[in-house]
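input17.txt (compact mmCIF, N, CA and C atoms) appears below.
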# COMPACT_ATOMS: atom_id res chain seq x y z
N SER A 732 20.63 -101.91 -126.74
CA SER A 732 20.63 -101.31 -125.41
C SER A 732 22.05 -100.95 -125.02
N ASP A 733 22.57 -99.94 -125.69
CA ASP A 733 23.93 -99.49 -125.41
C ASP A 733 23.90 -98.53 -124.24
N CYS A 734 24.77 -98.77 -123.29
CA CYS A 734 24.83 -97.92 -122.11
C CYS A 734 26.15 -97.15 -122.14
N PRO A 735 26.09 -95.83 -122.31
CA PRO A 735 27.33 -95.06 -122.41
C PRO A 735 28.20 -95.15 -121.16
N GLU A 736 27.56 -95.24 -119.99
CA GLU A 736 28.34 -95.34 -118.75
C GLU A 736 29.12 -96.65 -118.71
N LEU A 737 28.48 -97.75 -119.11
CA LEU A 737 29.16 -99.04 -119.13
C LEU A 737 30.30 -99.02 -120.15
N SER A 738 30.04 -98.48 -121.32
CA SER A 738 31.07 -98.39 -122.35
C SER A 738 32.28 -97.61 -121.85
N ALA A 739 32.03 -96.50 -121.17
CA ALA A 739 33.12 -95.67 -120.65
C ALA A 739 33.91 -96.43 -119.57
N ALA A 740 33.20 -97.14 -118.71
CA ALA A 740 33.86 -97.90 -117.65
C ALA A 740 34.73 -99.02 -118.23
N LEU A 741 34.20 -99.74 -119.20
CA LEU A 741 34.96 -100.83 -119.83
C LEU A 741 36.19 -100.28 -120.54
N LYS A 742 36.01 -99.14 -121.23
CA LYS A 742 37.13 -98.52 -121.94
C LYS A 742 38.23 -98.10 -120.96
N ALA A 743 37.84 -97.66 -119.77
CA ALA A 743 38.82 -97.25 -118.76
C ALA A 743 39.53 -98.44 -118.13
N ILE A 744 38.86 -99.57 -118.07
CA ILE A 744 39.42 -100.76 -117.43
C ILE A 744 40.52 -101.40 -118.27
N VAL A 745 40.34 -101.44 -119.58
CA VAL A 745 41.26 -102.17 -120.47
C VAL A 745 42.73 -101.78 -120.28
N PRO A 746 43.09 -100.49 -120.33
CA PRO A 746 44.52 -100.17 -120.17
C PRO A 746 45.04 -100.51 -118.77
N ARG A 747 44.19 -100.46 -117.78
CA ARG A 747 44.62 -100.80 -116.42
C ARG A 747 44.91 -102.29 -116.30
N VAL A 748 44.05 -103.11 -116.90
CA VAL A 748 44.29 -104.56 -116.89
C VAL A 748 45.57 -104.87 -117.65
N SER A 749 45.71 -104.30 -118.82
CA SER A 749 46.88 -104.55 -119.66
C SER A 749 48.18 -104.11 -118.99
N ALA A 750 48.15 -103.00 -118.27
CA ALA A 750 49.35 -102.46 -117.65
C ALA A 750 49.71 -103.12 -116.33
N CYS A 751 48.80 -103.88 -115.77
CA CYS A 751 49.06 -104.50 -114.47
C CYS A 751 50.17 -105.54 -114.60
N GLY A 752 51.25 -105.33 -113.86
CA GLY A 752 52.40 -106.23 -113.94
C GLY A 752 52.31 -107.43 -113.02
N GLU A 753 51.41 -107.38 -112.06
CA GLU A 753 51.27 -108.50 -111.12
C GLU A 753 50.41 -109.59 -111.72
N PRO A 754 50.75 -110.85 -111.41
CA PRO A 754 49.88 -111.94 -111.91
C PRO A 754 48.51 -111.87 -111.24
N PHE A 755 47.50 -112.19 -112.00
CA PHE A 755 46.15 -112.22 -111.46
C PHE A 755 45.93 -113.54 -110.71
N LYS A 756 45.14 -113.46 -109.67
CA LYS A 756 44.74 -114.67 -108.95
C LYS A 756 43.59 -115.31 -109.71
N ASN A 757 43.41 -116.61 -109.51
CA ASN A 757 42.37 -117.35 -110.23
C ASN A 757 40.99 -116.72 -110.04
N TYR A 758 40.66 -116.34 -108.82
CA TYR A 758 39.34 -115.77 -108.58
C TYR A 758 39.19 -114.38 -109.21
N GLU A 759 40.30 -113.66 -109.38
CA GLU A 759 40.22 -112.34 -110.01
C GLU A 759 39.85 -112.46 -111.49
N VAL A 760 40.45 -113.43 -112.17
CA VAL A 760 40.10 -113.68 -113.57
C VAL A 760 38.64 -114.09 -113.66
N ALA A 761 38.23 -115.02 -112.80
CA ALA A 761 36.85 -115.52 -112.82
C ALA A 761 35.84 -114.40 -112.56
N MET A 762 36.11 -113.57 -111.56
CA MET A 762 35.18 -112.49 -111.24
C MET A 762 35.14 -111.44 -112.34
N ALA A 763 36.29 -111.14 -112.94
CA ALA A 763 36.32 -110.15 -114.02
C ALA A 763 35.48 -110.62 -115.20
N LEU A 764 35.61 -111.90 -115.55
CA LEU A 764 34.82 -112.42 -116.67
C LEU A 764 33.34 -112.50 -116.30
N GLN A 765 33.04 -112.94 -115.09
CA GLN A 765 31.65 -113.03 -114.68
C GLN A 765 30.97 -111.66 -114.70
N GLY A 766 31.75 -110.62 -114.45
CA GLY A 766 31.21 -109.27 -114.48
C GLY A 766 30.71 -108.84 -115.85
N LEU A 767 31.06 -109.60 -116.88
CA LEU A 767 30.63 -109.28 -118.25
C LEU A 767 29.36 -110.03 -118.66
N THR A 768 28.73 -110.71 -117.71
CA THR A 768 27.56 -111.56 -118.00
C THR A 768 26.46 -110.83 -118.75
N SER A 769 26.21 -109.58 -118.41
CA SER A 769 25.10 -108.86 -119.06
C SER A 769 25.50 -108.25 -120.40
N CYS A 770 26.77 -108.39 -120.78
CA CYS A 770 27.24 -107.83 -122.05
C CYS A 770 27.03 -108.83 -123.19
N SER A 771 27.04 -108.31 -124.40
CA SER A 771 26.91 -109.17 -125.57
C SER A 771 28.07 -108.91 -126.52
N GLU A 772 28.10 -109.69 -127.59
CA GLU A 772 29.16 -109.52 -128.58
C GLU A 772 29.06 -108.17 -129.30
N ALA A 773 27.94 -107.48 -129.12
CA ALA A 773 27.77 -106.15 -129.72
C ALA A 773 28.45 -105.07 -128.88
N CYS A 774 29.07 -105.46 -127.78
CA CYS A 774 29.73 -104.50 -126.89
C CYS A 774 31.25 -104.60 -127.07
N PRO A 775 31.83 -103.69 -127.86
CA PRO A 775 33.28 -103.77 -128.10
C PRO A 775 34.11 -103.63 -126.84
N GLY A 776 33.62 -102.88 -125.86
CA GLY A 776 34.34 -102.72 -124.60
C GLY A 776 34.49 -104.03 -123.86
N ALA A 777 33.44 -104.84 -123.85
CA ALA A 777 33.49 -106.14 -123.17
C ALA A 777 34.50 -107.06 -123.87
N LEU A 778 34.50 -107.04 -125.19
CA LEU A 778 35.45 -107.87 -125.94
C LEU A 778 36.88 -107.41 -125.70
N ALA A 779 37.08 -106.10 -125.57
CA ALA A 779 38.42 -105.57 -125.28
C ALA A 779 38.88 -106.01 -123.90
N VAL A 780 37.96 -106.04 -122.93
CA VAL A 780 38.31 -106.52 -121.58
C VAL A 780 38.70 -107.99 -121.64
N VAL A 781 37.95 -108.80 -122.39
CA VAL A 781 38.28 -110.22 -122.53
C VAL A 781 39.68 -110.37 -123.14
N ALA A 782 39.97 -109.61 -124.19
CA ALA A 782 41.28 -109.68 -124.83
C ALA A 782 42.39 -109.30 -123.84
N ALA A 783 42.15 -108.28 -123.02
CA ALA A 783 43.15 -107.86 -122.04
C ALA A 783 43.35 -108.91 -120.95
N LEU A 784 42.30 -109.69 -120.67
CA LEU A 784 42.37 -110.71 -119.62
C LEU A 784 43.01 -112.01 -120.09
N VAL A 785 43.12 -112.23 -121.41
CA VAL A 785 43.67 -113.49 -121.92
C VAL A 785 45.05 -113.79 -121.33
N PRO A 786 46.02 -112.87 -121.41
CA PRO A 786 47.33 -113.21 -120.83
C PRO A 786 47.28 -113.38 -119.31
N LYS A 787 46.34 -112.71 -118.66
CA LYS A 787 46.20 -112.85 -117.20
C LYS A 787 45.68 -114.24 -116.86
N ALA A 788 44.72 -114.74 -117.64
CA ALA A 788 44.19 -116.09 -117.41
C ALA A 788 45.25 -117.14 -117.71
N ALA A 789 46.03 -116.89 -118.76
CA ALA A 789 47.05 -117.86 -119.16
C ALA A 789 48.18 -117.95 -118.13
N SER A 790 48.44 -116.86 -117.41
CA SER A 790 49.56 -116.86 -116.47
C SER A 790 49.13 -116.86 -115.01
N CYS A 791 47.89 -117.27 -114.75
CA CYS A 791 47.39 -117.35 -113.38
C CYS A 791 48.32 -118.20 -112.53
N GLU A 792 48.58 -117.74 -111.31
CA GLU A 792 49.49 -118.49 -110.45
C GLU A 792 48.89 -119.81 -109.97
N ALA A 793 47.59 -119.87 -109.80
CA ALA A 793 46.92 -121.12 -109.41
C ALA A 793 45.84 -121.42 -110.45
N PRO A 794 45.58 -122.69 -110.72
CA PRO A 794 44.54 -123.01 -111.71
C PRO A 794 43.16 -122.55 -111.25
N LEU A 795 42.33 -122.24 -112.22
CA LEU A 795 40.94 -121.90 -111.90
C LEU A 795 40.23 -123.18 -111.49
N SER A 796 39.52 -123.12 -110.39
CA SER A 796 38.75 -124.27 -109.91
C SER A 796 37.50 -124.45 -110.79
N ALA A 797 36.77 -125.51 -110.53
CA ALA A 797 35.51 -125.74 -111.24
C ALA A 797 34.57 -124.55 -111.05
N HIS A 798 34.49 -124.06 -109.84
CA HIS A 798 33.63 -122.91 -109.54
C HIS A 798 34.08 -121.68 -110.32
N HIS A 799 35.38 -121.42 -110.35
CA HIS A 799 35.91 -120.28 -111.09
C HIS A 799 35.61 -120.41 -112.58
N LEU A 800 35.74 -121.61 -113.12
CA LEU A 800 35.47 -121.82 -114.55
C LEU A 800 34.01 -121.57 -114.87
N ASN A 801 33.11 -122.00 -114.00
CA ASN A 801 31.69 -121.72 -114.21
C ASN A 801 31.43 -120.21 -114.18
N MET A 802 32.09 -119.50 -113.27
CA MET A 802 31.96 -118.04 -113.23
C MET A 802 32.46 -117.43 -114.54
N ALA A 803 33.62 -117.87 -114.99
CA ALA A 803 34.22 -117.33 -116.22
C ALA A 803 33.32 -117.58 -117.42
N PHE A 804 32.83 -118.80 -117.55
CA PHE A 804 32.00 -119.13 -118.71
C PHE A 804 30.64 -118.45 -118.65
N SER A 805 30.14 -118.12 -117.45
CA SER A 805 28.89 -117.38 -117.39
C SER A 805 29.08 -115.99 -117.99
N GLY A 806 30.28 -115.44 -117.85
CA GLY A 806 30.58 -114.15 -118.46
C GLY A 806 30.82 -114.22 -119.95
N LEU A 807 31.34 -115.36 -120.41
CA LEU A 807 31.66 -115.51 -121.83
C LEU A 807 30.46 -115.93 -122.67
N GLN A 808 29.42 -116.46 -122.06
CA GLN A 808 28.36 -117.12 -122.82
C GLN A 808 27.62 -116.24 -123.82
N ASN A 809 27.58 -114.94 -123.62
CA ASN A 809 26.86 -114.06 -124.55
C ASN A 809 27.79 -113.22 -125.43
N LEU A 810 29.08 -113.53 -125.38
CA LEU A 810 30.05 -112.67 -126.07
C LEU A 810 30.46 -113.16 -127.44
N GLY A 811 29.77 -114.16 -127.96
CA GLY A 811 30.01 -114.59 -129.33
C GLY A 811 31.22 -115.49 -129.49
N THR A 812 31.73 -115.54 -130.70
CA THR A 812 32.80 -116.48 -131.04
C THR A 812 33.98 -115.78 -131.71
N GLY A 813 34.14 -114.50 -131.43
CA GLY A 813 35.21 -113.73 -132.05
C GLY A 813 36.58 -114.11 -131.50
N PRO A 814 37.61 -113.49 -132.04
CA PRO A 814 38.99 -113.84 -131.65
C PRO A 814 39.29 -113.61 -130.18
N GLU A 815 38.64 -112.63 -129.55
CA GLU A 815 38.88 -112.38 -128.13
C GLU A 815 38.39 -113.56 -127.29
N VAL A 816 37.18 -114.02 -127.60
CA VAL A 816 36.60 -115.14 -126.86
C VAL A 816 37.37 -116.43 -127.16
N ARG A 817 37.72 -116.64 -128.41
CA ARG A 817 38.50 -117.84 -128.75
C ARG A 817 39.85 -117.84 -128.04
N GLY A 818 40.46 -116.67 -127.94
CA GLY A 818 41.72 -116.55 -127.21
C GLY A 818 41.56 -116.90 -125.74
N MET A 819 40.45 -116.46 -125.16
CA MET A 819 40.19 -116.77 -123.75
C MET A 819 39.93 -118.27 -123.57
N ILE A 820 39.18 -118.87 -124.50
CA ILE A 820 38.92 -120.31 -124.42
C ILE A 820 40.25 -121.07 -124.46
N ALA A 821 41.14 -120.66 -125.33
CA ALA A 821 42.46 -121.31 -125.41
C ALA A 821 43.22 -121.15 -124.09
N ALA A 822 43.15 -119.95 -123.49
CA ALA A 822 43.84 -119.71 -122.23
C ALA A 822 43.24 -120.52 -121.08
N LEU A 823 41.94 -120.77 -121.16
CA LEU A 823 41.26 -121.50 -120.08
C LEU A 823 41.37 -123.02 -120.22
N GLN A 824 41.82 -123.50 -121.37
CA GLN A 824 41.86 -124.95 -121.60
C GLN A 824 42.68 -125.69 -120.55
N ILE A 825 43.84 -125.18 -120.18
CA ILE A 825 44.67 -125.85 -119.18
C ILE A 825 43.94 -125.91 -117.83
N HIS A 826 43.16 -124.87 -117.54
CA HIS A 826 42.40 -124.85 -116.30
C HIS A 826 41.27 -125.89 -116.34
N ILE A 827 40.67 -126.06 -117.52
CA ILE A 827 39.62 -127.09 -117.68
C ILE A 827 40.23 -128.47 -117.44
N GLU A 828 41.39 -128.71 -118.01
CA GLU A 828 42.05 -130.01 -117.84
C GLU A 828 42.38 -130.26 -116.37
N LYS A 829 42.84 -129.24 -115.66
CA LYS A 829 43.23 -129.40 -114.26
C LYS A 829 42.04 -129.54 -113.33
N ALA A 830 40.89 -128.96 -113.71
CA ALA A 830 39.71 -129.02 -112.84
C ALA A 830 39.17 -130.45 -112.75
N GLY A 831 39.33 -131.21 -113.82
CA GLY A 831 38.98 -132.62 -113.80
C GLY A 831 37.52 -132.90 -113.51
N ARG A 832 37.31 -133.96 -112.74
CA ARG A 832 35.97 -134.47 -112.49
C ARG A 832 35.11 -133.54 -111.65
N ALA A 833 35.69 -132.60 -110.94
CA ALA A 833 34.91 -131.68 -110.11
C ALA A 833 34.11 -130.70 -110.96
N LEU A 834 34.42 -130.64 -112.23
CA LEU A 834 33.82 -129.65 -113.11
C LEU A 834 32.42 -130.07 -113.55
N ASN A 835 31.44 -129.21 -113.30
CA ASN A 835 30.08 -129.41 -113.80
C ASN A 835 30.08 -128.85 -115.22
N SER A 836 29.99 -129.71 -116.19
CA SER A 836 30.28 -129.30 -117.55
C SER A 836 29.08 -128.77 -118.34
N VAL A 837 27.92 -128.66 -117.75
CA VAL A 837 26.74 -128.26 -118.53
C VAL A 837 26.91 -126.88 -119.17
N LEU A 838 27.25 -125.87 -118.38
CA LEU A 838 27.41 -124.52 -118.91
C LEU A 838 28.58 -124.46 -119.88
N LEU A 839 29.72 -125.04 -119.51
CA LEU A 839 30.90 -125.00 -120.36
C LEU A 839 30.62 -125.68 -121.69
N THR A 840 29.97 -126.83 -121.65
CA THR A 840 29.64 -127.57 -122.87
C THR A 840 28.73 -126.74 -123.76
N ARG A 841 27.72 -126.11 -123.17
CA ARG A 841 26.78 -125.30 -123.95
C ARG A 841 27.50 -124.15 -124.65
N VAL A 842 28.38 -123.46 -123.93
CA VAL A 842 29.10 -122.33 -124.52
C VAL A 842 30.04 -122.82 -125.62
N LEU A 843 30.78 -123.88 -125.34
CA LEU A 843 31.76 -124.38 -126.31
C LEU A 843 31.10 -124.96 -127.55
N GLU A 844 29.97 -125.65 -127.38
CA GLU A 844 29.29 -126.23 -128.54
C GLU A 844 28.69 -125.16 -129.43
N ALA A 845 28.43 -123.97 -128.89
CA ALA A 845 27.89 -122.88 -129.70
C ALA A 845 28.99 -122.21 -130.53
N MET A 846 30.22 -122.54 -130.25
CA MET A 846 31.36 -121.94 -130.95
C MET A 846 31.86 -122.88 -132.04
N SER A 847 32.71 -122.34 -132.87
CA SER A 847 33.41 -123.17 -133.83
C SER A 847 34.89 -122.85 -133.69
N GLY A 848 35.70 -123.67 -134.28
CA GLY A 848 37.13 -123.41 -134.24
C GLY A 848 37.87 -124.38 -133.37
N GLU A 849 39.17 -124.44 -133.58
CA GLU A 849 39.98 -125.43 -132.90
C GLU A 849 40.08 -125.18 -131.39
N GLU A 850 39.98 -123.91 -130.95
CA GLU A 850 40.05 -123.62 -129.52
C GLU A 850 38.88 -124.28 -128.79
N ALA A 851 37.68 -124.11 -129.34
CA ALA A 851 36.49 -124.70 -128.72
C ALA A 851 36.55 -126.22 -128.77
N GLU A 852 36.98 -126.77 -129.90
CA GLU A 852 37.07 -128.23 -130.03
C GLU A 852 38.07 -128.81 -129.05
N ALA A 853 39.22 -128.16 -128.88
CA ALA A 853 40.24 -128.64 -127.93
C ALA A 853 39.71 -128.56 -126.50
N ALA A 854 39.01 -127.49 -126.17
CA ALA A 854 38.45 -127.36 -124.83
C ALA A 854 37.36 -128.40 -124.59
N LEU A 855 36.53 -128.67 -125.61
CA LEU A 855 35.51 -129.72 -125.47
C LEU A 855 36.15 -131.09 -125.26
N ARG A 856 37.25 -131.36 -125.99
CA ARG A 856 37.96 -132.63 -125.79
C ARG A 856 38.51 -132.72 -124.37
N ALA A 857 39.06 -131.62 -123.88
CA ALA A 857 39.59 -131.61 -122.51
C ALA A 857 38.46 -131.83 -121.51
N LEU A 858 37.33 -131.21 -121.78
CA LEU A 858 36.18 -131.33 -120.90
C LEU A 858 35.62 -132.74 -120.89
N SER A 859 35.46 -133.34 -122.06
CA SER A 859 34.89 -134.68 -122.12
C SER A 859 35.89 -135.73 -121.65
N GLY A 860 37.17 -135.48 -121.84
CA GLY A 860 38.20 -136.42 -121.41
C GLY A 860 38.37 -136.46 -119.91
N ARG A 861 38.10 -135.35 -119.21
CA ARG A 861 38.33 -135.28 -117.78
C ARG A 861 37.03 -135.32 -116.99
N GLY A 862 35.99 -134.65 -117.51
CA GLY A 862 34.77 -134.50 -116.74
C GLY A 862 33.84 -135.68 -116.80
N GLY A 863 34.07 -136.61 -117.70
CA GLY A 863 33.20 -137.78 -117.76
C GLY A 863 31.90 -137.50 -118.48
N GLY A 864 30.82 -137.23 -117.77
CA GLY A 864 29.48 -137.30 -118.30
C GLY A 864 29.02 -136.16 -119.18
N SER A 865 29.81 -135.60 -120.00
CA SER A 865 29.34 -134.57 -120.92
C SER A 865 28.44 -135.22 -121.96
N ARG A 866 27.21 -134.69 -122.08
CA ARG A 866 26.25 -135.35 -122.97
C ARG A 866 26.48 -135.01 -124.43
N GLY A 867 27.08 -133.88 -124.70
CA GLY A 867 27.26 -133.45 -126.07
C GLY A 867 28.52 -134.03 -126.67
N GLY A 868 28.42 -134.44 -127.90
CA GLY A 868 29.60 -134.94 -128.61
C GLY A 868 30.20 -133.82 -129.42
N ALA A 869 30.61 -134.15 -130.62
CA ALA A 869 31.20 -133.14 -131.49
C ALA A 869 30.11 -132.47 -132.30
N ALA A 870 29.30 -131.67 -131.62
CA ALA A 870 28.24 -130.95 -132.32
C ALA A 870 28.85 -129.79 -133.07
N GLY A 871 28.29 -129.47 -134.22
CA GLY A 871 28.92 -128.45 -135.01
C GLY A 871 28.19 -127.19 -134.97

Could you write out this file's structure as structure tokens?
Amino acid sequence: SDCPELSAALKAIVPRVSACGEPFKNYEVAMALQGLTSCSEACPGALAVVAALVPKAASCEAPLSAHHLNMAFSGLQNLGTGPEVRGMIAALQIHIEKAGRALNSVLLTRVLEAMSGEEAEAALRALSGRGGGSRGGAAG
């Protein structure tokens, strides 16, 4: 179900995100990622947007709250485990650590456990170390 209008819009967004010199606010990163919820890993435009957002998430002026992280992961959940998504997971790890016990880890755990690689494992460790009741262990 490829939508040419969506593809064109995503293609137009990437250079604008990349060229933006101002730091993104935490909610801007969260909303941008959540906007990709209906996209899948078969959508190269969505993956390009994620890649463009990685440095923005990494340099956010304020940490993403638990609510922002849930928004972000709702957008990432269907985008697969490619390098763009792994890069975003790595950028979000510090935010996961800072969110601490306020974080409802069900969605994050589900997304991370579906992935492989050190980025996902490090984020799962951060999640289980801070959030407490994560039911999933080191599932492969």

Would you return as number ranges by chain the members of chain A that DSSP assigns to alpha helix (DSSP H) on this structure's backbone? A: 735-750, 757-765, 775-789, 797-807, 814-830, 837-844, 849-862

So which residues fall inside 5 Å of (45.1, -122.9, -124.9) if we count all atoms listed in the file? Mind giving them as an MDAnalysis selection string? chainID A and resid 821:822 824

Report as JSON lines: every residue of range 784-821 of chain A with an atom at most 6 Å from range 843-854 of chain A, its closest pair of atoms, and their distance in Å to one decimal, counting all atoms listed in the file, with rows sorted by chain and ascending residue number.
{"residue": "A:Thr812", "atom": "CA", "partner": "A:Met846", "partner_atom": "CA", "distance": 5.6}
{"residue": "A:Arg817", "atom": "C", "partner": "A:Glu850", "partner_atom": "CA", "distance": 6.0}
{"residue": "A:Ile820", "atom": "C", "partner": "A:Glu850", "partner_atom": "C", "distance": 5.6}
{"residue": "A:Ala821", "atom": "N", "partner": "A:Glu850", "partner_atom": "CA", "distance": 5.2}

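Proximity to Leu741 in chain A at 8 Å, evaluated using all atoms listed in the file and with sequence-adjacent residues fewer than 2 positions away removed, yields Pro735, Glu736, Leu737, Ser738, Ala739, Ala743, Ile744, Val745, Pro746, Pro775, Gly776, Ala777, Ala779 and Val780 of chain A.
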
Pick out the closest residue to Val760 in chain A from this set: A:Ala773, A:Ala803, A:Leu834, A:Ala782. Count all atoms listed in the file. A:Ala803

Measuring between only C-alpha atoms, which one of A:Gly860, A:Gly752, A:Gly766, A:Pro786 shows the shortest distance to Leu807 in chain A?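 The closest residue to Leu807 in chain A is A:Gly766.
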
Using CA of Thr768 in chain A and CA of Cys791 in chain A as the two end points, give the distance in Å to one decimal.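 Between these atoms lies a distance of 21.2 Å.
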
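Picture a line from CA of Glu792 in chain A to CA of Cys774 in chain A; it runs 29.3 Å.
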
Residues near Leu764 in chain A, cut-off 7 Å, all atoms listed in the file, skip fewer than 5 positions along chain, as a ChimeraX atom specification: /A:759,802-807

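Across A:Leu778, A:Leu767, A:Leu839, A:Leu784, the tightest approach to Ser749 in chain A is made by A:Leu784 when counting all atoms listed in the file.
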
Figure out the distance between atom C of Cys751 in chain A and CA of Ala857 in chain A, please, to one decimal in Å. 29.2 Å

May I have the centre and edge lengths, in Å to one decimal, of an axis-aligned box around the listed atoms of range 810-829 of chain A with 6 Å added to every side, as AutoDock Vina command-line options?
--center_x 36.9 --center_y -121.3 --center_z -122.7 --size_x 27.6 --size_y 29.9 --size_z 30.7
